[in-house]
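Structure file query03.cif (mmCIF, C-alpha atoms) is printed below.
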data_query
loop_
_atom_site.label_atom_id
_atom_site.label_comp_id
_atom_site.auth_asym_id
_atom_site.auth_seq_id
_atom_site.Cartn_x
_atom_site.Cartn_y
_atom_site.Cartn_z
CA MET A 1418 -309.77 -56.27 -149.36
CA GLN A 1419 -310.84 -57.94 -146.12
CA ASN A 1420 -313.99 -60.05 -146.07
CA LEU A 1421 -315.76 -60.94 -142.84
CA LYS A 1422 -318.41 -63.59 -142.57
CA ILE A 1423 -321.44 -64.25 -140.42
CA VAL A 1424 -323.54 -67.39 -140.84
CA VAL A 1425 -327.30 -67.45 -140.42
CA THR A 1426 -328.66 -70.89 -139.63
CA GLY A 1427 -331.82 -72.50 -138.32
CA PRO A 1428 -334.52 -74.99 -139.22
CA PHE A 1429 -336.42 -75.13 -142.48
CA ASN A 1430 -338.68 -72.09 -143.03
CA ALA A 1431 -337.36 -70.19 -140.00
CA GLY A 1432 -336.90 -67.03 -142.10
CA LYS A 1433 -333.16 -67.10 -142.86
CA THR A 1434 -333.44 -65.97 -146.47
CA GLU A 1435 -335.76 -63.13 -145.46
CA PHE A 1436 -333.35 -62.12 -142.69
CA ILE A 1437 -330.43 -61.76 -145.09
CA ARG A 1438 -332.60 -60.08 -147.70
CA SER A 1439 -333.56 -57.38 -145.18
CA VAL A 1440 -330.03 -55.99 -144.86
CA SER A 1441 -328.16 -57.14 -147.92
CA GLU A 1442 -327.24 -54.41 -150.37
CA ILE A 1443 -327.35 -56.88 -153.24
CA ASP A 1444 -330.23 -59.09 -154.23
CA VAL A 1445 -329.66 -62.17 -152.15
CA VAL A 1446 -327.94 -64.79 -154.21
CA ASN A 1447 -329.90 -67.85 -153.31
CA THR A 1448 -330.11 -71.33 -154.52
CA GLU A 1449 -333.76 -72.08 -154.04
CA ARG A 1450 -335.54 -75.02 -155.52
CA ARG A 1451 -339.18 -76.00 -155.64
CA ILE A 1452 -340.12 -78.22 -152.73
CA SER A 1453 -341.02 -81.73 -153.74
CA SER A 1454 -341.69 -83.24 -150.31
CA ALA A 1455 -345.34 -82.92 -149.32
CA ALA A 1456 -344.36 -82.76 -145.64
CA GLU A 1457 -342.28 -79.65 -146.21
CA LYS A 1458 -344.79 -77.84 -148.43
CA VAL A 1459 -345.34 -74.95 -146.06
CA LYS A 1460 -343.67 -72.77 -148.69
CA GLU A 1461 -343.07 -73.09 -152.40
CA THR A 1462 -339.27 -73.07 -152.50
CA THR A 1463 -336.39 -73.76 -150.14
CA THR A 1464 -332.68 -73.01 -149.98
CA VAL A 1465 -330.64 -76.01 -151.05
CA ALA A 1466 -327.04 -74.76 -150.99
CA MET A 1467 -326.83 -71.35 -149.38
CA ASP A 1468 -328.05 -67.77 -149.37
CA PHE A 1469 -325.53 -65.09 -149.84
CA GLY A 1470 -325.86 -61.41 -148.92
CA ARG A 1471 -323.38 -58.57 -148.74
CA ILE A 1472 -322.89 -55.36 -146.80
CA THR A 1473 -320.04 -53.15 -148.00
CA VAL A 1474 -318.49 -51.45 -145.00
CA ASP A 1475 -315.98 -49.31 -146.88
CA GLU A 1476 -313.67 -49.62 -149.82
CA ASP A 1477 -311.59 -52.38 -148.27
CA LEU A 1478 -313.98 -54.17 -145.93
CA VAL A 1479 -317.05 -56.25 -146.74
CA LEU A 1480 -319.35 -58.26 -144.48
CA TYR A 1481 -320.85 -61.36 -146.05
CA LEU A 1482 -323.91 -63.08 -144.70
CA PHE A 1483 -324.29 -66.75 -145.50
CA GLY A 1484 -327.58 -68.51 -144.92
CA THR A 1485 -327.50 -72.25 -144.55
CA PRO A 1486 -330.07 -74.62 -146.03
CA GLY A 1487 -332.57 -75.54 -143.35
CA GLN A 1488 -333.31 -79.07 -144.38
CA LYS A 1489 -331.33 -81.78 -142.63
CA ARG A 1490 -330.44 -83.56 -145.84
CA PHE A 1491 -328.31 -80.59 -146.88
CA ASP A 1492 -326.35 -80.50 -143.64
CA PHE A 1493 -323.13 -81.41 -145.41
CA MET A 1494 -323.13 -77.71 -146.44
CA TRP A 1495 -323.13 -76.48 -142.87
CA GLU A 1496 -319.51 -77.25 -142.04
CA ILE A 1497 -318.31 -75.79 -145.31
CA LEU A 1498 -320.26 -72.59 -144.71
CA SER A 1499 -319.05 -72.26 -141.14
CA GLU A 1500 -315.37 -72.14 -142.18
CA GLY A 1501 -313.89 -68.82 -141.11
CA MET A 1502 -317.08 -67.34 -139.71
CA LEU A 1503 -316.90 -64.59 -137.09
CA GLY A 1504 -320.00 -65.93 -135.43
CA PHE A 1505 -323.46 -67.26 -136.21
CA VAL A 1506 -327.11 -66.48 -135.78
CA VAL A 1507 -329.56 -69.30 -135.05
CA MET A 1508 -333.03 -68.39 -136.29
CA VAL A 1509 -336.08 -69.96 -134.74
CA ASP A 1510 -339.65 -69.56 -135.90
CA SER A 1511 -341.33 -68.57 -132.62
CA THR A 1512 -344.70 -69.83 -133.84
CA ARG A 1513 -343.69 -73.41 -134.72
CA PRO A 1514 -342.85 -75.58 -131.71
CA GLU A 1515 -342.48 -78.54 -134.04
CA THR A 1516 -339.16 -76.99 -135.15
CA PHE A 1517 -337.69 -76.30 -131.71
CA ARG A 1518 -336.03 -79.70 -131.38
CA GLU A 1519 -334.43 -79.25 -134.79
CA ALA A 1520 -333.25 -75.74 -133.84
CA ARG A 1521 -331.59 -77.14 -130.74
CA SER A 1522 -329.88 -79.83 -132.76
CA ILE A 1523 -328.61 -77.32 -135.36
CA LEU A 1524 -327.28 -75.07 -132.61
CA GLU A 1525 -325.42 -77.95 -131.01
CA THR A 1526 -323.98 -78.99 -134.36
CA PHE A 1527 -322.68 -75.49 -135.10
CA ARG A 1528 -321.19 -75.17 -131.64
CA ARG A 1529 -319.22 -78.28 -132.41
CA TYR A 1530 -317.88 -76.83 -135.65
CA ALA A 1531 -316.27 -73.79 -134.08
CA GLN A 1532 -316.02 -72.00 -130.79
CA THR A 1533 -317.34 -68.77 -132.22
CA PRO A 1534 -319.88 -66.46 -130.58
CA TYR A 1535 -323.53 -66.84 -131.49
CA VAL A 1536 -326.95 -65.45 -130.76
CA VAL A 1537 -330.39 -67.00 -131.08
CA THR A 1538 -333.08 -64.93 -132.69
CA ALA A 1539 -336.77 -65.58 -132.24
CA ASN A 1540 -338.41 -64.75 -135.55
CA LYS A 1541 -342.06 -63.87 -136.24
CA GLN A 1542 -342.44 -62.12 -132.90
CA ASP A 1543 -345.18 -59.98 -134.46
CA SER A 1544 -347.45 -63.04 -134.71
CA LYS A 1545 -350.08 -63.66 -132.06
CA ASP A 1546 -348.96 -67.29 -132.04
CA ALA A 1547 -345.35 -66.43 -131.16
CA TRP A 1548 -343.86 -67.95 -128.02
CA GLU A 1549 -342.22 -65.53 -125.62
CA THR A 1550 -338.44 -65.45 -125.77
CA GLU A 1551 -338.05 -66.68 -122.19
CA ASP A 1552 -340.33 -69.66 -122.95
CA LEU A 1553 -338.22 -70.34 -126.01
CA ARG A 1554 -335.10 -70.26 -123.84
CA ILE A 1555 -336.47 -73.14 -121.77
CA ALA A 1556 -337.81 -75.02 -124.80
CA LEU A 1557 -334.44 -74.74 -126.56
CA ARG A 1558 -332.54 -75.47 -123.33
CA LEU A 1559 -330.46 -72.33 -123.74
CA GLU A 1560 -328.18 -71.36 -120.91
CA ASP A 1561 -328.87 -68.03 -119.21
CA HIS A 1562 -325.88 -66.30 -120.77
CA VAL A 1563 -327.01 -67.04 -124.35
CA LYS A 1564 -328.65 -64.01 -125.95
CA ILE A 1565 -332.08 -64.64 -127.42
CA ILE A 1566 -333.26 -61.67 -129.42
CA PRO A 1567 -336.82 -61.13 -130.64
CA CYS A 1568 -337.14 -60.15 -134.29
CA VAL A 1569 -339.24 -59.98 -137.40
CA ALA A 1570 -336.95 -61.04 -140.24
CA MET A 1571 -338.60 -58.67 -142.71
CA ASN A 1572 -337.87 -55.70 -140.47
CA ARG A 1573 -334.49 -54.21 -141.28
CA ASN A 1574 -334.04 -52.61 -137.86
CA ASP A 1575 -334.69 -55.91 -136.12
CA VAL A 1576 -332.14 -57.65 -138.33
CA LYS A 1577 -329.60 -54.88 -137.74
CA ASN A 1578 -330.16 -55.25 -134.01
CA VAL A 1579 -329.52 -59.01 -134.12
CA LEU A 1580 -326.30 -58.57 -136.09
CA LEU A 1581 -325.14 -55.75 -133.82
CA GLU A 1582 -325.76 -57.87 -130.72
CA LEU A 1583 -323.66 -60.63 -132.23
CA LEU A 1584 -320.84 -58.19 -133.06
CA TYR A 1585 -320.90 -56.77 -129.51
CA ILE A 1586 -320.49 -60.31 -128.17
CA ILE A 1587 -317.62 -60.91 -130.58
CA LEU A 1588 -315.89 -57.77 -129.31
CA ALA A 1589 -316.53 -58.73 -125.70
CA GLU A 1590 -315.06 -62.18 -126.29
CA MET A 1591 -312.00 -60.69 -127.97
CA ASP A 1592 -311.50 -58.50 -124.89
CA ALA A 1593 -311.98 -61.44 -122.56
CA GLU A 1594 -309.57 -63.57 -124.52
CA GLU A 1595 -306.96 -60.85 -124.42
CA ALA A 1596 -307.38 -60.46 -120.68
CA ARG A 1597 -306.71 -64.17 -120.13
CA MET B 1302 -347.87 -63.70 -126.88
CA ALA B 1303 -348.85 -67.32 -126.98
CA LEU B 1304 -347.75 -70.58 -125.56
CA LYS B 1305 -349.48 -72.92 -127.93
CA GLY B 1306 -348.82 -75.96 -130.02
CA ASN B 1307 -349.50 -79.67 -130.12
CA LEU B 1308 -348.41 -82.31 -127.61
CA ARG B 1309 -346.95 -84.27 -130.50
CA ASP B 1310 -344.25 -81.55 -130.79
CA PHE B 1311 -343.97 -80.40 -127.20
CA SER B 1312 -344.98 -82.95 -124.62
CA LEU B 1313 -346.92 -82.37 -121.41
CA THR B 1314 -343.75 -83.17 -119.46
CA GLN B 1315 -341.88 -80.44 -121.33
CA LEU B 1316 -344.78 -78.05 -120.74
CA LEU B 1317 -344.80 -78.78 -117.02
CA ASN B 1318 -341.06 -78.20 -116.93
CA LEU B 1319 -341.49 -74.86 -118.68
CA ILE B 1320 -344.34 -73.82 -116.38
CA ASN B 1321 -342.33 -74.89 -113.35
CA LEU B 1322 -339.11 -73.12 -114.35
CA SER B 1323 -340.82 -69.90 -115.36
CA ARG B 1324 -343.17 -70.00 -112.37
CA LYS B 1325 -346.20 -69.38 -114.56
CA THR B 1326 -349.67 -68.54 -113.41
CA GLY B 1327 -352.58 -69.38 -115.68
CA THR B 1328 -354.51 -72.22 -117.25
CA LEU B 1329 -353.23 -74.79 -119.71
CA VAL B 1330 -356.02 -76.02 -121.98
CA ILE B 1331 -355.54 -79.22 -123.97
CA ASP B 1332 -358.01 -80.26 -126.64
CA THR B 1333 -358.26 -83.51 -128.57
CA ALA B 1334 -361.05 -84.58 -130.89
CA GLU B 1335 -362.70 -86.45 -128.01
CA GLU B 1336 -361.73 -84.66 -124.82
CA THR B 1337 -360.70 -81.39 -123.30
CA ALA B 1338 -358.65 -80.80 -120.18
CA GLN B 1339 -357.68 -77.78 -118.11
CA LEU B 1340 -354.74 -77.55 -115.73
CA ALA B 1341 -354.40 -74.36 -113.71
CA PHE B 1342 -351.14 -73.23 -112.15
CA GLY B 1343 -350.26 -70.62 -109.58
CA ASP B 1344 -346.65 -69.51 -109.51
CA GLY B 1345 -345.53 -72.71 -111.26
CA ARG B 1346 -347.50 -75.09 -109.03
CA LEU B 1347 -350.53 -77.17 -109.94
CA ALA B 1348 -353.63 -75.48 -108.57
CA TYR B 1349 -356.45 -77.29 -110.33
CA ALA B 1350 -357.16 -79.98 -112.92
CA ASN B 1351 -360.28 -80.90 -114.77
CA LEU B 1352 -361.32 -83.15 -117.63
CA GLY B 1353 -364.29 -82.03 -119.70
CA SER B 1354 -365.73 -78.57 -120.09
CA GLN B 1355 -367.58 -78.44 -116.75
CA PRO B 1356 -366.00 -78.80 -113.30
CA ILE B 1357 -366.80 -82.20 -111.83
CA GLY B 1358 -367.61 -80.95 -108.31
CA LEU B 1359 -366.45 -82.08 -104.87
CA PRO B 1360 -369.01 -84.91 -104.39
CA ALA B 1361 -367.82 -86.60 -107.60
CA ILE B 1362 -364.17 -86.03 -106.63
CA LEU B 1363 -364.76 -87.73 -103.26
CA ARG B 1364 -366.65 -90.56 -104.95
CA SER B 1365 -363.92 -91.11 -107.56
CA GLY B 1366 -361.39 -91.60 -104.77
CA ASN B 1367 -363.76 -93.99 -102.97
CA TYR B 1368 -363.83 -91.62 -100.02
CA ILE B 1369 -367.63 -91.87 -100.04
CA ASN B 1370 -369.82 -94.70 -101.31
CA LYS B 1371 -372.55 -94.49 -103.94
CA ALA B 1372 -375.35 -93.90 -101.44
CA GLN B 1373 -373.41 -91.17 -99.63
CA TYR B 1374 -372.63 -89.57 -102.96
CA ARG B 1375 -376.33 -89.53 -103.93
CA ILE B 1376 -377.33 -87.95 -100.60
CA LEU B 1377 -374.55 -85.40 -100.79
CA VAL B 1378 -375.56 -84.32 -104.29
CA GLU B 1379 -379.23 -84.06 -103.27
CA ARG B 1380 -378.52 -82.05 -100.15
CA THR B 1381 -375.87 -79.70 -101.39
CA GLY B 1382 -377.75 -78.46 -104.49
CA ASN B 1383 -376.18 -75.19 -105.56
CA MET B 1384 -373.47 -75.10 -102.93
CA THR B 1385 -369.89 -74.46 -104.01
CA ASP B 1386 -367.11 -77.00 -103.46
CA LYS B 1387 -365.67 -74.95 -100.62
CA GLU B 1388 -369.08 -74.80 -98.93
CA ILE B 1389 -369.59 -78.53 -99.37
CA GLY B 1390 -366.17 -79.19 -97.90
CA LEU B 1391 -366.95 -77.02 -94.91
CA LEU B 1392 -370.28 -78.74 -94.46
CA LEU B 1393 -368.63 -82.17 -94.40
CA ILE B 1394 -365.98 -81.04 -91.92
CA ASN B 1395 -368.53 -79.41 -89.61
CA ALA B 1396 -370.74 -82.51 -89.78
CA GLY B 1397 -367.76 -84.66 -88.77
CA TYR B 1398 -367.57 -86.59 -92.05
CA GLY B 1399 -363.92 -85.87 -92.53
CA SER B 1400 -361.08 -83.52 -91.73
CA GLN B 1401 -359.96 -80.63 -93.86
CA GLU B 1402 -356.70 -82.48 -94.48
CA GLU B 1403 -358.48 -85.62 -95.73
CA ILE B 1404 -360.75 -83.71 -98.09
CA PHE B 1405 -357.88 -81.61 -99.38
CA ASN B 1406 -355.86 -84.76 -99.94
CA GLN B 1407 -358.72 -86.28 -101.95
CA VAL B 1408 -358.79 -83.19 -104.17
CA GLN B 1409 -355.01 -83.31 -104.64
CA GLN B 1410 -355.10 -87.00 -105.57
CA PHE B 1411 -357.91 -86.33 -108.03
CA TYR B 1412 -355.92 -83.59 -109.77
CA LEU B 1413 -352.84 -85.82 -109.87
CA ARG B 1414 -354.85 -88.66 -111.45
CA ILE B 1415 -355.93 -86.27 -114.21
CA VAL B 1416 -352.36 -85.19 -114.90
CA ARG B 1417 -351.23 -88.84 -114.98
CA ARG B 1418 -353.94 -89.56 -117.49
CA LEU B 1419 -352.86 -86.60 -119.60
CA PHE B 1420 -349.35 -88.04 -119.78
CA THR B 1421 -350.81 -90.74 -122.02
CA TRP B 1422 -352.07 -88.15 -124.51
CA LEU B 1423 -349.53 -88.06 -127.31
CA GLU B 1424 -351.46 -85.56 -129.40
CA GLY B 1425 -353.70 -82.64 -128.62
CA ASP B 1426 -353.67 -78.92 -129.25
CA PHE B 1427 -352.65 -76.92 -126.22
CA HIS B 1428 -352.63 -73.27 -125.30
CA PHE B 1429 -351.78 -71.48 -122.09
CA GLU B 1430 -354.01 -68.66 -120.87
CA SER B 1431 -351.81 -66.46 -118.72
CA ASP B 1432 -353.28 -65.31 -115.41
CA GLU B 1433 -356.52 -67.16 -116.04
CA LEU B 1434 -357.41 -69.09 -112.90
CA PRO B 1435 -360.33 -71.34 -111.93
CA ALA B 1436 -363.41 -69.88 -110.29
CA GLU B 1437 -362.89 -68.80 -106.67
CA ASP B 1438 -365.34 -71.40 -105.36
CA VAL B 1439 -363.30 -74.44 -106.43
CA ILE B 1440 -360.73 -75.97 -104.10
CA THR B 1441 -357.23 -75.22 -105.31
CA THR B 1442 -353.92 -76.84 -104.41
CA ARG B 1443 -350.24 -75.93 -104.58
CA ILE B 1444 -348.64 -79.13 -105.88
CA ASN B 1445 -344.93 -78.99 -106.76
CA LEU B 1446 -344.33 -80.12 -110.31
CA GLU B 1447 -340.89 -81.72 -109.99
CA ASP B 1448 -342.15 -85.19 -109.07
CA LEU B 1449 -344.86 -85.04 -111.71
CA ILE B 1450 -342.30 -84.10 -114.35
CA MET B 1451 -340.22 -87.14 -113.39
CA GLU B 1452 -343.32 -89.34 -113.56
CA GLY B 1453 -344.16 -87.99 -117.00
CA SER B 1454 -340.63 -88.50 -118.20
CA ARG B 1455 -340.76 -92.15 -117.22
CA GLN B 1456 -343.57 -92.60 -119.70
CA ILE B 1457 -341.58 -91.70 -122.77
CA HIS B 1458 -341.91 -94.86 -124.79
CA GLN B 1459 -341.44 -93.68 -128.33
CA LEU B 1460 -338.03 -94.90 -129.36
CA GLU B 1461 -337.85 -92.53 -132.31
CA ARG B 1462 -338.55 -89.54 -130.10
CA MET B 1463 -335.96 -90.63 -127.58
CA GLN B 1464 -333.33 -90.93 -130.30
CA GLU B 1465 -334.17 -87.50 -131.65
CA GLU B 1466 -333.94 -85.97 -128.20
CA LEU B 1467 -330.75 -87.73 -127.25
CA PRO B 1468 -329.05 -88.94 -130.43
CA ASP B 1469 -325.51 -89.29 -129.07
CA LEU B 1470 -324.72 -91.57 -126.12
CA ASP B 1471 -321.01 -90.72 -126.26
CA VAL B 1472 -321.55 -87.41 -124.49
CA SER B 1473 -321.34 -86.85 -120.77
CA LEU B 1474 -323.72 -85.23 -118.31
CA ARG B 1475 -323.51 -82.74 -115.51
CA PHE B 1476 -325.97 -81.55 -112.91
CA SER B 1477 -327.96 -78.52 -113.94
CA GLU B 1478 -326.79 -75.24 -112.50
CA LYS B 1479 -330.37 -74.06 -111.92
CA PRO B 1480 -330.49 -73.54 -108.16
CA GLU B 1481 -334.23 -74.33 -107.86
CA LYS B 1482 -333.61 -77.90 -108.91
CA ASP B 1483 -332.69 -79.75 -105.77
CA ILE B 1484 -332.31 -83.38 -106.75
CA ARG B 1485 -332.71 -84.50 -103.13
CA LYS B 1486 -336.30 -83.25 -103.13
CA VAL B 1487 -337.37 -85.26 -106.16
CA ASN B 1488 -338.67 -88.81 -105.86
CA LEU B 1489 -336.31 -90.87 -107.97
CA SER B 1490 -336.54 -94.60 -108.50
CA MET B 1491 -333.68 -96.90 -107.50
CA GLU B 1492 -332.83 -97.25 -111.19
CA GLU B 1493 -332.64 -93.47 -111.59
CA TRP B 1494 -330.53 -93.06 -108.47
CA ARG B 1495 -328.04 -95.59 -109.83
CA VAL B 1496 -327.66 -93.52 -112.99
CA VAL B 1497 -327.44 -90.27 -110.99
CA SER B 1498 -324.60 -91.71 -108.91
CA TYR B 1499 -322.45 -92.00 -112.05
CA ILE B 1500 -323.20 -88.54 -113.44
CA ASN B 1501 -319.93 -86.76 -113.86
CA PRO B 1502 -318.46 -84.91 -116.85
CA LYS B 1503 -315.85 -87.67 -117.09
CA ASN B 1504 -318.40 -90.44 -117.73
CA THR B 1505 -320.20 -90.71 -121.03
CA ILE B 1506 -323.81 -91.88 -121.08
CA ARG B 1507 -322.66 -95.07 -122.77
CA GLN B 1508 -320.16 -95.75 -119.98
CA ILE B 1509 -322.88 -95.15 -117.40
CA SER B 1510 -325.20 -97.55 -119.21
CA ARG B 1511 -322.53 -100.25 -119.01
CA ALA B 1512 -321.89 -99.59 -115.34
CA VAL B 1513 -325.57 -99.84 -114.43
CA LYS B 1514 -326.24 -102.63 -116.96
CA MET B 1515 -328.88 -100.83 -118.98
CA ASN B 1516 -329.46 -101.07 -122.70
CA ASP B 1517 -329.60 -98.01 -124.98
CA VAL B 1518 -333.38 -97.64 -124.68
CA GLU B 1519 -333.36 -97.89 -120.88
CA ILE B 1520 -330.52 -95.43 -120.38
CA ARG B 1521 -332.05 -92.97 -122.86
CA ARG B 1522 -335.36 -93.10 -120.99
CA VAL B 1523 -333.74 -92.42 -117.62
CA VAL B 1524 -331.42 -89.67 -118.89
CA LEU B 1525 -334.19 -87.96 -120.84
CA GLY B 1526 -336.35 -88.06 -117.74
CA LEU B 1527 -333.64 -86.35 -115.72
CA MET B 1528 -333.07 -83.85 -118.52
CA GLN B 1529 -336.73 -83.02 -118.93
CA ALA B 1530 -337.03 -82.53 -115.20
CA GLY B 1531 -334.22 -79.98 -115.60
CA MET B 1532 -331.89 -81.85 -113.27
CA VAL B 1533 -329.08 -82.74 -115.65
CA GLU B 1534 -327.75 -81.40 -118.91
CA VAL B 1535 -325.46 -82.65 -121.62
CA VAL B 1536 -321.86 -81.47 -121.49
CA GLN B 1537 -321.04 -80.13 -124.90
CA PRO B 1538 -318.20 -82.05 -126.55
CA GLU B 1539 -314.81 -80.51 -127.17
CA ILE B 1540 -315.05 -77.74 -129.68
CA LYS B 1541 -312.55 -77.10 -132.42
CA PRO B 1542 -310.34 -74.13 -131.68
CA ILE B 1543 -311.12 -71.03 -133.63
CA ASN B 1544 -309.06 -70.58 -136.77
CA GLN B 1545 -308.56 -66.85 -136.66
CA GLU B 1546 -306.44 -66.80 -139.75
CA LYS B 1547 -309.54 -67.68 -141.70
CA MET B 1548 -311.68 -65.13 -139.88
CA PHE B 1549 -309.35 -62.17 -140.29
CA HIS B 1550 -306.52 -61.47 -142.69
CA THR B 1551 -304.48 -60.20 -139.78
CA ASN B 1552 -303.37 -61.55 -136.42
CA ASP B 1553 -303.10 -58.07 -134.98
CA ARG B 1554 -305.70 -57.81 -132.22
CA GLN B 1555 -306.11 -54.05 -132.55
CA GLU B 1556 -306.68 -54.35 -136.25
CA GLN B 1557 -309.19 -57.14 -135.75
CA ARG B 1558 -311.08 -55.05 -133.24
CA SER B 1559 -310.99 -52.11 -135.60
CA LEU B 1560 -312.54 -54.24 -138.36
CA ILE B 1561 -315.41 -55.26 -136.11
CA ASN B 1562 -315.95 -51.67 -134.99
CA ARG B 1563 -316.10 -50.56 -138.61
CA VAL B 1564 -318.76 -53.17 -139.35
CA ILE B 1565 -320.71 -52.03 -136.27
CA ALA B 1566 -320.58 -48.41 -137.42
CA ARG B 1567 -321.73 -49.40 -140.89
CA LEU B 1568 -324.63 -51.47 -139.60
CA ARG B 1569 -325.76 -48.65 -137.33
CA SER B 1570 -325.82 -46.33 -140.30
CA LEU B 1571 -328.03 -48.61 -142.43
#
Using structure tokens, write down the structure from this file.
Amino acid sequence: MQNLKIVVTGPFNAGKTEFIRSVSEIDVVNTERRISSAAEKVKETTTVAMDFGRITVDEDLVLYLFGTPGQKRFDFMWEILSEGMLGFVVMVDSTRPETFREARSILETFRRYAQTPYVVTANKQDSKDAWETEDLRIALRLEDHVKIIPCVAMNRNDVKNVLLELLYIILAEMDAEEAR
Amino acid sequence: MALKGNLRDFSLTQLLNLINLSRKTGTLVIDTAEETAQLAFGDGRLAYANLGSQPIGLPAILRSGNYINKAQYRILVERTGNMTDKEIGLLLINAGYGSQEEIFNQVQQFYLRIVRRLFTWLEGDFHFESDELPAEDVITTRINLEDLIMEGSRQIHQLERMQEELPDLDVSLRFSEKPEKDIRKVNLSMEEWRVVSYINPKNTIRQISRAVKMNDVEIRRVVLGLMQAGMVEVVQPEIKPINQEKMFHTNDRQEQRSLINRVIARLRSL
């Protein structure tokens, strides 16, 4: 049995758990706890260790989706979760500019862990308060070649699209590496 | 789609940089409990600025720049009644009270003073109204934002914010690849030029700070200014090589590609 792994990361309350839940064939195994900090009380619970979703490809291949905890104090989990990943998805809440700096910092941290492909996905694009993806590119200081994909984490097709884009990049990088 | 938030999270300098890079046209409205401000942009350039909910009018603009004295201001207001700014400007030029260039320069300086004042606002809700421009009768300008962005960046004084933005001084810098950013066209201070002269992927920010004899706060301020103006960017540190053994159970390239293709097919079928 071969297991492949994609990591979903991003700031607190960016929608990572929802993202995984949208495509996972199992109930997402999550380690949520009630939030005690008043400053972070924009939702009732948060992921403290990881989220875990699964997509069975066939009888001997499974794709696992790991969601990282969004809060900085759990960042010791990030490196552990990034071990052996094919690539990663950075989720950004397009409606909360107060999290953009954090998103940038998480992205830079993950890029340091491993030279794997990644995409950035701009969640909550159905909200009237959502920033446009090209504005987010500038706010997050993303280079032109980095894919930034609009999505609504609760929409399965959007989530599929994000994962597919990442897999296409992985294939393209494998081709490029082989050509070198 | 919105471009909205609070200056506490996304500063005016960052907003100007975004508007400049994406060549936006529209009006940025900033509201605090006490004041409101509007900045209008055409194709990424400052076209208009106003504090308060009503336009101040050309006579007050000329008075605020001491171009006319109090008595002249009073007469001008009395005589121009319902005339628009453009009409007042024309009237002054035709009457020999000033040239078009002088009056236009007064308007430009007035708008710049407003932006400089807004740089001191650390909080305030903002939103950008795309394609919304000031009334046709006001005098508009086409001021490049690069110099303003540098000015705004020089006013970053919050140490905490600087550390968040640039936590690691042991990284190096390179010049941005964006072609529209021509560093020669931006007004840099002597201090900034000294830093710029050392920018090279081989020099870390800490090494540059030693060379130019700046402390951590000073070097952060200068580098962040250059970064916010889109002129330089951090060179990402060396990245660990991929451990493919942990990603795939096989080193066979064809097999690896086949695994990815199978996942793609499965996802498409979901």
| request: Calculate how many Å separate atom CA of B:Glu1379 from atom CA of B:Gln1407, rounding to one decimal. | output: 20.7 Å
| field | From B:Ser1312, B:Thr1505, B:Ser1354, B:Asn1516, residue lying nearest chain A [only C-alpha atoms] | value |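 Going through B:Ser1312, B:Thr1505, B:Ser1354, B:Asn1516 one by one, the smallest distance to chain A is for B:Ser1312.
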| task | Would you kindly translate the PyMOL selection byres ((chain A) within 7 of (chain B)) into the concrete residues it picks from this file, as a PyMOL selection string? | result | chain A and resi 1419+1421+1474+1501-1503+1514-1515+1528-1533+1545-1549+1552+1555+1577+1581+1584+1588
| request: Mind giving me the straight-line distance from atom CA of B:Leu1489 to atom CA of A:Leu1557 in Å, one decimal? | output: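 Atom CA of B:Leu1489 sits 24.7 Å away from atom CA of A:Leu1557.
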| Mind telling me what the PyMOL selection byres ((chain A and resi 1522) around 12) catches here, as JSON, numbers by chain? | {"A": [1426, 1427, 1428, 1487, 1489, 1492, 1507, 1509, 1516, 1517, 1518, 1519, 1520, 1521, 1523, 1524, 1525, 1526, 1527, 1528, 1529, 1557, 1558, 1559], "B": [1464, 1465, 1466, 1467, 1468, 1469, 1537]}
| request: Let me know the residues the PyMOL selection byres ((chain B and resi 1432-1436) around 7) catches in the file above, as an NGL selection string. | output: :B and (1326-1328 or 1341 or 1430-1431 or 1437-1439)
| task | Give the answer as one residue: which of B:Met1532, B:Leu1363, B:Ala1338, B:Glu1492 has the shortest atom-to-atom distance to B:Glu1403, using all atoms listed in the file? | result | B:Leu1363
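Atom pair atom CA of B:Ile1357 / atom CA of B:Trp1422: separated by 20.3 Å.
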| message | Please list, as JSON, numbers by chain, the residues that have an atom at most 6 Å away from (-327.5, -66.1, -128.5) in the coordinates of this file, counting only C-alpha atoms. | response | {"A": [1535, 1536, 1537, 1563, 1564, 1565]}
Emit the selected residues as a short mmCIF file (atom, residue, chain, number, x, y, z; two decimals), keeping the file's coordinate frame, including C-alpha atoms.
data_model
loop_
_atom_site.label_atom_id
_atom_site.label_comp_id
_atom_site.auth_asym_id
_atom_site.auth_seq_id
_atom_site.Cartn_x
_atom_site.Cartn_y
_atom_site.Cartn_z
CA TYR A 1535 -323.53 -66.84 -131.49
CA VAL A 1536 -326.95 -65.45 -130.76
CA VAL A 1537 -330.39 -67.00 -131.08
CA VAL A 1563 -327.01 -67.04 -124.35
CA LYS A 1564 -328.65 -64.01 -125.95
CA ILE A 1565 -332.08 -64.64 -127.42
#
